[in-house]
Amino acid sequence: AIVLALGALQVAGFPVPYAPQVLPPVSLAYASEVVEVVREASGWGRKPVPPAPAMDANLARVRGADVLLIFLEAYGVVAWEQPELVRELSASREGLVRDIRETGREVVSAMVESTTFGGESWLAQVSLLAGTEVRDQDVYIRLMAEPNRDTMVKAFGRRGFRTVMVMPGLQRGWPEGAFYGFDTIYGTKALNYQGPPFSWWDLTDQFALARLDQLEVAKTSRAPLFAVFPTISSHAPFTPAPPYQPDWQKVLTAEPYDQPALAAAYSGPADWTNLTPSYAEALKYATTTLGGYLRLRADRDLVLVIVGDHQPAAMVSGEGASWDVPVHIVTSRKAVLEGLKAQGFRDGLAPTRQVIATMDGLMTKLLDAFSEPDPK
């Protein structure tokens with residue numbers, strides 16, 4: 001209050017003797033905090049949280065399988081629409097299709113509308129996991145204040161799945177995690193990366209996936225797994241893209257790469273005037289990593305859900321780009337595939353051109369496709 005009063009007097013031309021000068025940005029910052037306090041206390045201007053959809057799905061079609069939900073960072077429809085990206089990514093996509101088919105699986109794909117663009121990935125993640133449209137921080141905070149609200153995670157937990165989240169970018173406490181209902185959340189410290197640094201968070205997506213496998217998937221005599229993994233290696237500025245390591249055990253060591261591969265990865269600095277080539281390299285790495293994991297766990301009954309969290313920033317996606325993102329489901333379970341096609345998905349890796357749902361609506365479509373119809 002004192003800072004605001006001093007700032008107001010000084011702006012009005014009435015400086016207070018011996019008082020420090022309060023710059024306008026400081027006054028505005030304090031004023032915005034006061035407004036937030038008033039809004040919370042009075043309810044004025046608060047955006048309502050949409051009601052939670054029903055989540056009583058029986059999940060019979062995925063019973064006994066491991067369901068892995070991957071939010072692929074900055075994977076947007078631009079990757080399927082921009083000619084340069086289509087050309088650069090075609091070989092890695094063909095490789096992924098081979099990995100899928102040669103491990104006895106199939107893939108169906110669609111397009112959905114994200115609730116965010118170019119950043120704020122948590123808005124897309126909570127929209128899908130809570131089945132609730134969340135497009136701004138105000139609604140997000142209000143949603144986090146409802147600890148008893150149902151989520152997709154809790155729905156899987158009720159059906160006997162062990163629920164875990166792998167968050168390689170999580171470097172400090174995350175009280176919001178309690179909202180979702182995970183049994184375990186693995187952050188940076190628990191993952192314990194010892195290799196060379198890449199991007200903002202040092203560790204790589206392949207390492208995080210390998211650690212998830214080591215900590216959870218490789219266990220015997222366990223409950224089926226529902227795991228959520230928001231990736232980080234394709235985060236802007238998209239470089240340096242890590243090398244893919246075919247030896248998944250070596251990627252867990254302190255020296256996961258041979259020196260020539262590491263030197264090649266470090267040799268390409270980001271061109272801040274044109275990030276499209278770096279973006280393509282990051283998506284190639286992601287595609288190769290996912291295909292490699294399918295081969296590593298060819299023996300597992302796996303339902304792999306890959307969904308882009310949002311489009312990359314406008315400097316890659318272009319002016320006036322949509323908020324649309326691809327979603328792919330890879331599995332050998334025919335009933336799941338047929339259920340997804342009934343929800344608007346189509347065969348193959350190429351997503352539908354027409355959006356079949358918003359990000360929050362995707363949750364309902366997935367749960368429906370994963371469940372047997374209730375007997376009438």
# chains A, B, ... in the order shown; residues from 1 in each chain; ligands from 1

$ residues_around --residues "Pro196 (chain A)" --least-positions-apart "2" --cutoff "9 Å" --atoms "only C-alpha atoms" --output "number ranges by chain"
A: 193-194, 198, 202-203, 254-257, 262

$ select_by_dssp --residues "region 87-190 of chain A" --states "strand (DSSP E)" --output "number ranges by chain"
A: 106-113, 162-166, 184-186

$ closest_residue --among "A:Gly118, A:Ser267, A:His235, A:Val107" --to "Glu319 (chain A)" --atoms "only C-alpha atoms"
A:Gly118

$ residues_around --residues "Leu89 (chain A)" --least-positions-apart "3" --cutoff "8 Å" --atoms "only C-alpha atoms" --output "list in words"
Leu85, Val86, Ser92, Arg93, Ala280, Leu283 and Lys284 of chain A

$ write_last_selection --atoms "N, CA and C atoms" --output "tab-separated table (two decimals), in the first residue's frame"
chain	number	residue	atom	x	y	z
A	85	LEU	N	9.08	-28.58	-43.76
A	85	LEU	CA	9.06	-29.53	-42.66
A	85	LEU	C	8.60	-30.91	-43.12
A	86	VAL	N	7.60	-30.94	-43.98
A	86	VAL	CA	7.14	-32.22	-44.52
A	86	VAL	C	8.28	-32.94	-45.21
A	92	SER	N	12.18	-39.73	-41.36
A	92	SER	CA	12.01	-40.17	-39.97
A	92	SER	C	10.59	-40.70	-39.74
A	93	ARG	N	9.62	-40.13	-40.41
A	93	ARG	CA	8.25	-40.64	-40.28
A	93	ARG	C	8.11	-42.01	-40.91
A	280	ALA	N	12.93	-28.89	-37.14
A	280	ALA	CA	12.88	-30.16	-37.86
A	280	ALA	C	13.81	-31.19	-37.22
A	283	LEU	N	12.27	-32.56	-34.01
A	283	LEU	CA	11.19	-33.52	-34.26
A	283	LEU	C	11.72	-34.84	-34.82
A	284	LYS	N	12.79	-34.78	-35.60
A	284	LYS	CA	13.42	-36.02	-36.06
A	284	LYS	C	13.91	-36.84	-34.87

$ residues_around --residues "Gln343 (chain A)" --least-positions-apart "2" --cutoff "10 Å" --atoms "only C-alpha atoms" --output "number ranges by chain"
A: 110, 337-341, 345-346, 356-357, 362, 364-366, 368-369

$ residues_around --residues "His310 (chain A)" --least-positions-apart "6" --cutoff "12 Å" --atoms "only C-alpha atoms" --output "PyMOL selection string"
chain A and resi 71-79+111-125+127+135+230+234-235+317+321-327+358-359

$ atom_distance --atom1 "CA of Pro51 (chain A)" --atom2 "CA of Pro375 (chain A)"
26.5 Å

$ residues_around --residues "Trp272 (chain A)" --least-positions-apart "4" --cutoff "10 Å" --atoms "only C-alpha atoms" --output "PyMOL selection string"
chain A and resi 237+276+278+315

$ write_last_selection --atoms "C-alpha atoms" --output "compact mmCIF listing (two decimals), in the first residue's frame"
# COMPACT_ATOMS: atom_id res chain seq x y z
CA PRO A 237 15.14 -22.95 -29.43
CA THR A 276 12.62 -24.03 -38.77
CA SER A 278 16.37 -26.66 -35.77
CA MET A 315 8.41 -17.57 -35.95

$ atom_distance --atom1 "CA of Tyr186 (chain A)" --atom2 "CA of Val166 (chain A)"
4.8 Å

$ atom_distance --atom1 "CA of Ala57 (chain A)" --atom2 "CA of Val217 (chain A)"
23.8 Å

$ closest_residue --among "A:Leu209, A:Ile141, A:Ala342, A:Val228" --to "Thr184 (chain A)" --atoms "only C-alpha atoms"
A:Val228

$ closest_residue --among "A:Asn192, A:Asp247, A:His328, A:Arg300" --to "Thr220 (chain A)" --atoms "only C-alpha atoms"
A:Arg300
